[in-house]
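Below is input_8.pdb, which holds PDB, C-alpha atoms.
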ATOM      1  CA  ALA A  25      16.167  32.198  -4.632
ATOM      2  CA  ARG A  26      13.024  30.699  -3.135
ATOM      3  CA  MET A  27      11.028  30.528  -6.375
ATOM      4  CA  ALA A  28       8.592  27.627  -6.545
ATOM      5  CA  ALA A  29       8.776  25.014  -9.280
ATOM      6  CA  GLU A  30       5.990  22.528  -9.787
ATOM      7  CA  GLY A  31       7.212  19.094  -8.633
ATOM      8  CA  ALA A  32       5.268  15.855  -8.426
ATOM      9  CA  GLY A  33       2.054  17.668  -7.572
ATOM     10  CA  ALA A  34       3.577  19.735  -4.755
ATOM     11  CA  PRO A  35       5.526  23.009  -4.909
ATOM     12  CA  VAL A  36       9.285  22.547  -4.564
ATOM     13  CA  ALA A  37      11.756  25.337  -3.843
ATOM     14  CA  LEU A  38      14.162  25.783  -6.747
ATOM     15  CA  ASP A  39      17.179  25.720  -4.446
ATOM     16  CA  GLU A  40      16.100  22.261  -3.266
ATOM     17  CA  CYS A  41      16.064  20.735  -6.740
ATOM     18  CA  LEU A  42      18.581  22.733  -8.791
ATOM     19  CA  PRO A  43      22.236  23.683  -8.278
ATOM     20  CA  ALA A  44      22.968  27.361  -7.468
ATOM     21  CA  GLU A  45      24.734  27.932 -10.826
ATOM     22  CA  ILE A  46      21.605  26.979 -12.755
ATOM     23  CA  ILE A  47      19.417  29.175 -10.539
ATOM     24  CA  ASP A  48      21.785  32.121 -11.176
ATOM     25  CA  ARG A  49      21.597  31.496 -14.929
ATOM     26  CA  ILE A  50      17.779  31.341 -14.839
ATOM     27  CA  CYS A  51      17.639  34.612 -12.889
ATOM     28  CA  SER A  52      19.861  36.294 -15.481
ATOM     29  CA  TRP A  53      17.585  35.001 -18.285
ATOM     30  CA  LEU A  54      14.575  36.407 -16.427
ATOM     31  CA  LEU A  55      16.278  39.809 -16.079
ATOM     32  CA  VAL A  56      17.071  39.997 -19.808
ATOM     33  CA  ASP A  57      13.793  38.664 -21.169
ATOM     34  CA  GLN A  58      11.009  37.380 -18.917
ATOM     35  CA  MET A  59       9.324  35.264 -21.602
ATOM     36  CA  SER A  60      12.587  33.633 -22.687
ATOM     37  CA  GLY A  61      13.596  33.138 -19.051
ATOM     38  CA  ALA A  62      10.276  31.481 -18.225
ATOM     39  CA  ILE A  63      10.661  29.105 -21.193
ATOM     40  CA  HIS A  64      14.210  28.172 -20.088
ATOM     41  CA  LEU A  65      12.976  27.676 -16.522
ATOM     42  CA  ALA A  66      10.204  25.338 -17.678
ATOM     43  CA  ARG A  67      12.659  23.291 -19.773
ATOM     44  CA  VAL A  68      15.164  22.976 -16.926
ATOM     45  CA  CYS A  69      12.426  21.912 -14.497
ATOM     46  CA  GLN A  70      11.050  19.322 -16.947
ATOM     47  CA  VAL A  71      14.494  17.817 -17.502
ATOM     48  CA  ASN A  72      15.171  17.809 -13.762
ATOM     49  CA  LEU A  73      11.846  16.094 -13.009
ATOM     50  CA  ARG A  74      12.476  13.450 -15.695
ATOM     51  CA  MET A  75      15.944  12.765 -14.266
ATOM     52  CA  ARG A  76      14.522  12.563 -10.743
ATOM     53  CA  ALA A  77      11.826  10.116 -11.894
ATOM     54  CA  VAL A  78      14.471   7.806 -13.416
ATOM     55  CA  VAL A  79      16.671   8.052 -10.315
ATOM     56  CA  ASP A  80      13.677   7.521  -7.983
ATOM     57  CA  LYS A  81      12.523   4.476  -9.987
ATOM     58  CA  ARG A  82      15.990   2.902  -9.865
ATOM     59  CA  PHE A  83      16.280   3.678  -6.165
ATOM     60  CA  VAL A  84      12.924   1.999  -5.446
ATOM     61  CA  GLU A  85      13.888  -1.028  -7.568
ATOM     62  CA  ARG A  86      17.180  -1.404  -5.680
ATOM     63  CA  CYS A  87      15.434  -1.037  -2.311
ATOM     64  CA  ALA A  88      12.869  -3.667  -3.285
ATOM     65  CA  ILE A  89      15.602  -6.117  -4.318
ATOM     66  CA  ALA A  90      17.679  -5.440  -1.198
ATOM     67  CA  LEU A  91      14.685  -5.936   1.099
ATOM     68  CA  GLY A  92      13.344  -8.995  -0.708
ATOM     69  CA  ALA A  93      10.104  -7.272  -1.691
ATOM     70  CA  PRO A  94       8.046  -8.684  -4.578
ATOM     71  CA  ARG A  95       8.648  -7.298  -8.071
ATOM     72  CA  ASP A  96       5.258  -5.558  -8.028
ATOM     73  CA  CYS A  97       6.451  -3.146  -5.295
ATOM     74  CA  HIS A  98       6.896   0.031  -7.342
ATOM     75  CA  THR A  99       6.941   2.657  -4.590
ATOM     76  CA  LEU A 100       8.680   3.061  -1.259
ATOM     77  CA  GLU A 101       5.257   2.835   0.380
ATOM     78  CA  HIS A 102       4.627  -0.569  -1.261
ATOM     79  CA  ILE A 103       7.974  -1.762   0.061
ATOM     80  CA  ALA A 104       7.176  -0.435   3.552
ATOM     81  CA  VAL A 105       3.784  -2.202   3.552
ATOM     82  CA  HIS A 106       5.472  -5.430   2.435
ATOM     83  CA  GLN A 107       8.007  -5.116   5.263
ATOM     84  CA  ASP A 108       5.272  -4.382   7.835
ATOM     85  CA  LEU A 109       3.271  -7.413   6.720
ATOM     86  CA  ALA A 110       6.386  -9.625   6.701
ATOM     87  CA  LEU A 111       6.950  -8.734  10.373
ATOM     88  CA  LEU A 112       3.520 -10.190  11.205
ATOM     89  CA  GLY A 113       4.699 -13.567   9.930
ATOM     90  CA  THR A 114       1.264 -14.593   8.670
ATOM     91  CA  ASN A 115      -1.909 -12.967   7.484
ATOM     92  CA  ALA A 116      -4.116 -15.859   8.637
ATOM     93  CA  ILE A 117      -6.945 -15.075  11.055
ATOM     94  CA  SER A 118      -8.255 -18.213  12.734
ATOM     95  CA  PHE A 119     -11.543 -18.823  14.502
ATOM     96  CA  LEU A 120     -12.565 -21.098  17.364
ATOM     97  CA  GLY A 121     -13.766 -24.330  15.761
ATOM     98  CA  ALA A 122     -16.905 -23.841  13.684
ATOM     99  CA  SER A 123     -17.732 -20.533  15.348
ATOM    100  CA  PRO A 124     -17.592 -16.895  14.334
ATOM    101  CA  LEU A 125     -15.322 -16.115  17.334
ATOM    102  CA  MET A 126     -11.689 -15.266  16.592
ATOM    103  CA  HIS A 127      -8.802 -16.789  18.522
ATOM    104  CA  LYS A 128      -7.186 -14.297  20.910
ATOM    105  CA  GLY A 129      -3.988 -14.256  18.838
ATOM    106  CA  SER A 130      -6.002 -13.550  15.701
ATOM    107  CA  ARG A 131      -7.734 -10.590  17.337
ATOM    108  CA  ALA A 132      -4.276  -9.196  18.128
ATOM    109  CA  ARG A 133      -3.205  -9.773  14.501
ATOM    110  CA  VAL A 134      -6.239  -7.819  13.249
ATOM    111  CA  GLU A 135      -5.204  -5.002  15.609
ATOM    112  CA  ASP A 136      -1.726  -5.153  14.050
ATOM    113  CA  PHE A 137      -3.327  -4.880  10.591
ATOM    114  CA  ALA A 138      -5.219  -1.789  11.797
ATOM    115  CA  ILE A 139      -1.938  -0.219  12.946
ATOM    116  CA  ILE A 140      -0.410  -0.904   9.519
ATOM    117  CA  MET A 141      -3.449   0.629   7.823
ATOM    118  CA  HIS A 142      -3.121   3.759   9.974
ATOM    119  CA  ARG A 143       0.568   3.943   9.068
ATOM    120  CA  HIS A 144      -0.330   3.695   5.356
ATOM    121  CA  PRO A 145      -3.525   5.723   4.812
ATOM    122  CA  ARG A 146      -3.862   4.771   1.133
ATOM    123  CA  LEU A 147      -3.823   1.036   1.885
ATOM    124  CA  HIS A 148      -6.978  -0.975   1.187
ATOM    125  CA  ALA A 149      -7.621  -4.342   2.865
ATOM    126  CA  HIS A 150      -9.567  -7.155   1.242
ATOM    127  CA  VAL A 151     -10.599  -9.881   3.679
ATOM    128  CA  HIS A 152     -10.911 -13.333   2.096
ATOM    129  CA  ALA A 153     -12.685 -15.852   4.335
ATOM    130  CA  HIS A 154     -13.187 -19.574   3.772
ATOM    131  CA  THR A 155     -14.018 -22.764   5.637
ATOM    132  CA  GLY A 156     -12.771 -26.324   5.513
ATOM    133  CA  VAL A 157     -14.136 -28.863   3.035
ATOM    134  CA  ARG A 158     -16.415 -30.455   5.660
ATOM    135  CA  ALA A 159     -18.538 -27.319   6.126
ATOM    136  CA  PRO A 160     -22.150 -27.786   4.953
ATOM    137  CA  SER A 161     -22.410 -26.317   1.451
ATOM    138  CA  MET A 162     -25.776 -24.690   2.240
ATOM    139  CA  ILE A 163     -24.348 -22.440   4.985
ATOM    140  CA  ALA A 164     -20.633 -22.181   4.139
ATOM    141  CA  PRO A 165     -20.860 -19.111   1.836
ATOM    142  CA  LYS A 166     -22.995 -17.131   4.288
ATOM    143  CA  PHE A 167     -20.880 -18.257   7.251
ATOM    144  CA  THR A 168     -17.625 -17.195   5.576
ATOM    145  CA  ARG A 169     -19.081 -13.766   4.742
ATOM    146  CA  TYR A 170     -20.071 -13.502   8.420
ATOM    147  CA  ARG A 171     -16.487 -14.278   9.490
ATOM    148  CA  ALA A 172     -15.055 -11.831   6.951
ATOM    149  CA  ARG A 173     -17.451  -9.167   8.238
ATOM    150  CA  ALA A 174     -16.264  -9.867  11.815
ATOM    151  CA  VAL A 175     -12.683  -9.131  10.737
ATOM    152  CA  ALA A 176     -13.765  -5.973   8.878
ATOM    153  CA  GLU A 177     -15.765  -4.769  11.894
ATOM    154  CA  LEU A 178     -12.781  -5.290  14.209
ATOM    155  CA  LEU A 179     -10.616  -3.223  11.829
ATOM    156  CA  GLN A 180     -13.296  -0.518  11.903
ATOM    157  CA  ALA A 181     -13.430  -0.686  15.711
ATOM    158  CA  HIS A 182      -9.726   0.199  15.606
ATOM    159  CA  GLY A 183     -10.394   3.287  13.486
ATOM    160  CA  VAL A 184     -10.018   1.962   9.938
ATOM    161  CA  ASP A 185     -12.585   3.578   7.613
ATOM    162  CA  GLU A 186     -15.091   1.038   6.311
ATOM    163  CA  MET A 187     -14.464   2.274   2.740
ATOM    164  CA  ARG A 188     -10.902   0.896   3.008
ATOM    165  CA  VAL A 189     -12.044  -2.658   3.769
ATOM    166  CA  SER A 190     -13.826  -5.085   1.442
ATOM    167  CA  ILE A 191     -14.743  -8.714   2.017
ATOM    168  CA  THR A 192     -15.284 -11.981   0.144
ATOM    169  CA  GLY A 193     -16.727 -15.148   1.635
ATOM    170  CA  TRP A 194     -15.531 -18.129  -0.396
ATOM    171  CA  GLY A 195     -17.358 -20.924   1.424
ATOM    172  CA  THR A 196     -15.598 -24.229   0.763
ATOM    173  CA  LYS A 197     -14.208 -23.279  -2.696
ATOM    174  CA  VAL A 198     -10.695 -22.421  -1.470
ATOM    175  CA  ALA A 199     -10.364 -25.565   0.645
ATOM    176  CA  ALA A 200     -11.631 -27.778  -2.179
ATOM    177  CA  ALA A 201      -9.345 -26.128  -4.755
ATOM    178  CA  ALA A 202      -6.365 -26.513  -2.419
ATOM    179  CA  GLY A 203      -7.170 -30.206  -1.882
ATOM    180  CA  TRP A 204      -7.387 -29.873   1.892
ATOM    181  CA  ASN A 205      -7.670 -33.084   3.829
ATOM    182  CA  PRO A 206     -10.956 -33.213   5.828
ATOM    183  CA  VAL A 207      -9.276 -35.437   8.451
ATOM    184  CA  LYS A 208      -7.040 -32.510   9.498
ATOM    185  CA  GLU A 209     -10.052 -30.209  10.044
ATOM    186  CA  SER A 210     -10.920 -31.252  13.555
TER     187      SER A 210
END
Encoded form using C-alpha cells:
Amino acid sequence: ARMAAEGAGAPVALDECLPAEIIDRICSWLLVDQMSGAIHLARVCQVNLRMRAVVDKRFVERCAIALGAPRDCHTLEHIAVHQDLALLGTNAISFLGASPLMHKGSRARVEDFAIIMHRHPRLHAHVHAHTGVRAPSMIAPKFTRYRARAVAELLQAHGVDEMRVSITGWGTKVAAAAGWNPVKES
C-alpha cells in the first residue's frame, strides 16, 4: 500500500511509517466503511506522529549529550552546525594591526564559515566586530562596522546570500567590558 500520510509537512508513504498489520487493518476498515476507515487512519497517523516526535526528541537529546553540544541544540542540524564550528577551533577573525585588512588565516576562516553556511542553508550569521580599548572613541564604532562589513562581504563573495548575514560594530565596548589590558594591544 503506497497511500500517502501527512508527516512533518511532507508526504510519507504509509508502509514507511506503519507496520504491515496496521496497514492491512486500515485497508479493511476502508473497504467496510470509507468514512470510518478514514477516521481510524487519521487517528493512527496522529498517534504515530506523536510517538515519532517523542522518539526524535529523545534521539536528538542523546546525540547532543554524546557529542558535547550545548543544551540549546534541539535539532540534528543544530548539532551538526555546532560540530562544524567546533572543528574550526575558533570563530575569531583578526585584522592586521589597526587596519581593515584581514590576516590570511582569518580570510581562510571566513571561507570555512561560508562552506558551513552552504552546508546549512537555514543558518544565519551575525558578525560582531570590536576593537581594543586604545582605539579612539570617535572612530571606533564606525571602524568596527567597517570591519564587520568586510567579513560580511567576504561571505557574500563566497556565495552566501546577504540576507543571511547581519553585522554589529561594538567599538571599544566589548574590550572595556572584558577589562582588556591596553598594554597587550600592540
Exercise. List as number ranges by chain: which residues have an atom within 12 Å of (-18.2, -22.5, -1.9), counting all atoms listed in the file?
Worked result: A: 153-169, 192-201
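Using all atoms listed in the file, the shortest contact distance between Arg131 of chain A and any of A:Arg188, A:Leu178, A:Glu101, A:Ala202 is found at A:Leu178.
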Problem set entry | Evaluate the PyMOL selection byres ((chain A and resi 184) around 12) and report residues as a PyMOL selection string | chain A and resi 134-149+175-183+185-190
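Counting only C-alpha atoms, the residue from A:Ala172, A:Ala93, A:Ala66, A:Val84 that sits nearest to Leu109 of chain A is A:Ala93.
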For this session: Kindly give the distance, in Å, that separates atom CA of Gly92 of chain A and atom CA of His152 of chain A, rounded to a single decimal.
Result: 24.8 Å
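For the residues A:Gly113, A:Glu85, A:Ala44, A:Ala174, ranking by smallest atom-to-atom distance to Leu100 of chain A using all atoms listed in the file places A:Glu85 first.
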Problem set entry | Two-atom distance - atom CA of Pro94 of chain A, atom CA of Ile191 of chain A (Å) | 23.7 Å
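Relative to atom CA of Ile103 of chain A, atom CA of Ala88 of chain A is found at 6.2 Å.
Between Ser123 of chain A and the residues A:Tyr170, A:Val151, A:Asp96, A:Ile89, the shortest atom-to-atom distance, using all atoms listed in the file, involves A:Tyr170.
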Would you fill the gaps in segment 98-117 of chain A so it has N, CA and C atoms, then print it as a PDB file, in the frame of the given file?
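File written: part.pdb
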ATOM      1  N   HIS A  98       6.362  -1.026  -6.492  1.00  0.00           N
ATOM      2  CA  HIS A  98       6.896   0.031  -7.342  1.00  0.00           C
ATOM      3  C   HIS A  98       7.101   1.359  -6.622  1.00  0.00           C
ATOM      4  N   THR A  99       6.731   1.428  -5.349  1.00  0.00           N
ATOM      5  CA  THR A  99       6.941   2.657  -4.590  1.00  0.00           C
ATOM      6  C   THR A  99       7.557   2.297  -3.240  1.00  0.00           C
ATOM      7  N   LEU A 100       8.128   3.299  -2.593  1.00  0.00           N
ATOM      8  CA  LEU A 100       8.680   3.061  -1.259  1.00  0.00           C
ATOM      9  C   LEU A 100       7.574   2.675  -0.286  1.00  0.00           C
ATOM     10  N   GLU A 101       6.370   3.216  -0.488  1.00  0.00           N
ATOM     11  CA  GLU A 101       5.257   2.835   0.380  1.00  0.00           C
ATOM     12  C   GLU A 101       4.907   1.360   0.206  1.00  0.00           C
ATOM     13  N   HIS A 102       4.888   0.862  -1.030  1.00  0.00           N
ATOM     14  CA  HIS A 102       4.627  -0.569  -1.261  1.00  0.00           C
ATOM     15  C   HIS A 102       5.655  -1.426  -0.526  1.00  0.00           C
ATOM     16  N   ILE A 103       6.914  -1.014  -0.612  1.00  0.00           N
ATOM     17  CA  ILE A 103       7.974  -1.762   0.061  1.00  0.00           C
ATOM     18  C   ILE A 103       7.760  -1.728   1.572  1.00  0.00           C
ATOM     19  N   ALA A 104       7.405  -0.563   2.106  1.00  0.00           N
ATOM     20  CA  ALA A 104       7.176  -0.435   3.552  1.00  0.00           C
ATOM     21  C   ALA A 104       6.009  -1.308   4.002  1.00  0.00           C
ATOM     22  N   VAL A 105       4.930  -1.342   3.221  1.00  0.00           N
ATOM     23  CA  VAL A 105       3.784  -2.202   3.552  1.00  0.00           C
ATOM     24  C   VAL A 105       4.216  -3.665   3.540  1.00  0.00           C
ATOM     25  N   HIS A 106       4.981  -4.052   2.517  1.00  0.00           N
ATOM     26  CA  HIS A 106       5.472  -5.430   2.435  1.00  0.00           C
ATOM     27  C   HIS A 106       6.289  -5.785   3.668  1.00  0.00           C
ATOM     28  N   GLN A 107       7.168  -4.868   4.086  1.00  0.00           N
ATOM     29  CA  GLN A 107       8.007  -5.116   5.263  1.00  0.00           C
ATOM     30  C   GLN A 107       7.148  -5.221   6.527  1.00  0.00           C
ATOM     31  N   ASP A 108       6.165  -4.330   6.670  1.00  0.00           N
ATOM     32  CA  ASP A 108       5.272  -4.382   7.835  1.00  0.00           C
ATOM     33  C   ASP A 108       4.530  -5.715   7.893  1.00  0.00           C
ATOM     34  N   LEU A 109       4.013  -6.151   6.751  1.00  0.00           N
ATOM     35  CA  LEU A 109       3.271  -7.413   6.720  1.00  0.00           C
ATOM     36  C   LEU A 109       4.194  -8.601   6.968  1.00  0.00           C
ATOM     37  N   ALA A 110       5.427  -8.536   6.474  1.00  0.00           N
ATOM     38  CA  ALA A 110       6.386  -9.625   6.701  1.00  0.00           C
ATOM     39  C   ALA A 110       6.678  -9.783   8.194  1.00  0.00           C
ATOM     40  N   LEU A 111       6.691  -8.669   8.926  1.00  0.00           N
ATOM     41  CA  LEU A 111       6.950  -8.734  10.373  1.00  0.00           C
ATOM     42  C   LEU A 111       5.843  -9.473  11.119  1.00  0.00           C
ATOM     43  N   LEU A 112       4.626  -9.467  10.560  1.00  0.00           N
ATOM     44  CA  LEU A 112       3.520 -10.190  11.205  1.00  0.00           C
ATOM     45  C   LEU A 112       3.705 -11.706  11.097  1.00  0.00           C
ATOM     46  N   GLY A 113       4.444 -12.140  10.090  1.00  0.00           N
ATOM     47  CA  GLY A 113       4.699 -13.567   9.930  1.00  0.00           C
ATOM     48  C   GLY A 113       3.620 -14.295   9.153  1.00  0.00           C
ATOM     49  N   THR A 114       2.371 -13.960   9.374  1.00  0.00           N
ATOM     50  CA  THR A 114       1.264 -14.593   8.670  1.00  0.00           C
ATOM     51  C   THR A 114       0.117 -13.603   8.571  1.00  0.00           C
ATOM     52  N   ASN A 115      -0.726 -13.806   7.584  1.00  0.00           N
ATOM     53  CA  ASN A 115      -1.909 -12.967   7.484  1.00  0.00           C
ATOM     54  C   ASN A 115      -3.174 -13.760   7.816  1.00  0.00           C
ATOM     55  N   ALA A 116      -2.990 -14.985   8.324  1.00  0.00           N
ATOM     56  CA  ALA A 116      -4.116 -15.859   8.637  1.00  0.00           C
ATOM     57  C   ALA A 116      -4.801 -15.429   9.934  1.00  0.00           C
ATOM     58  N   ILE A 117      -6.112 -15.356   9.886  1.00  0.00           N
ATOM     59  CA  ILE A 117      -6.945 -15.075  11.055  1.00  0.00           C
ATOM     60  C   ILE A 117      -7.739 -16.361  11.304  1.00  0.00           C
TER      61      ILE A 117
END
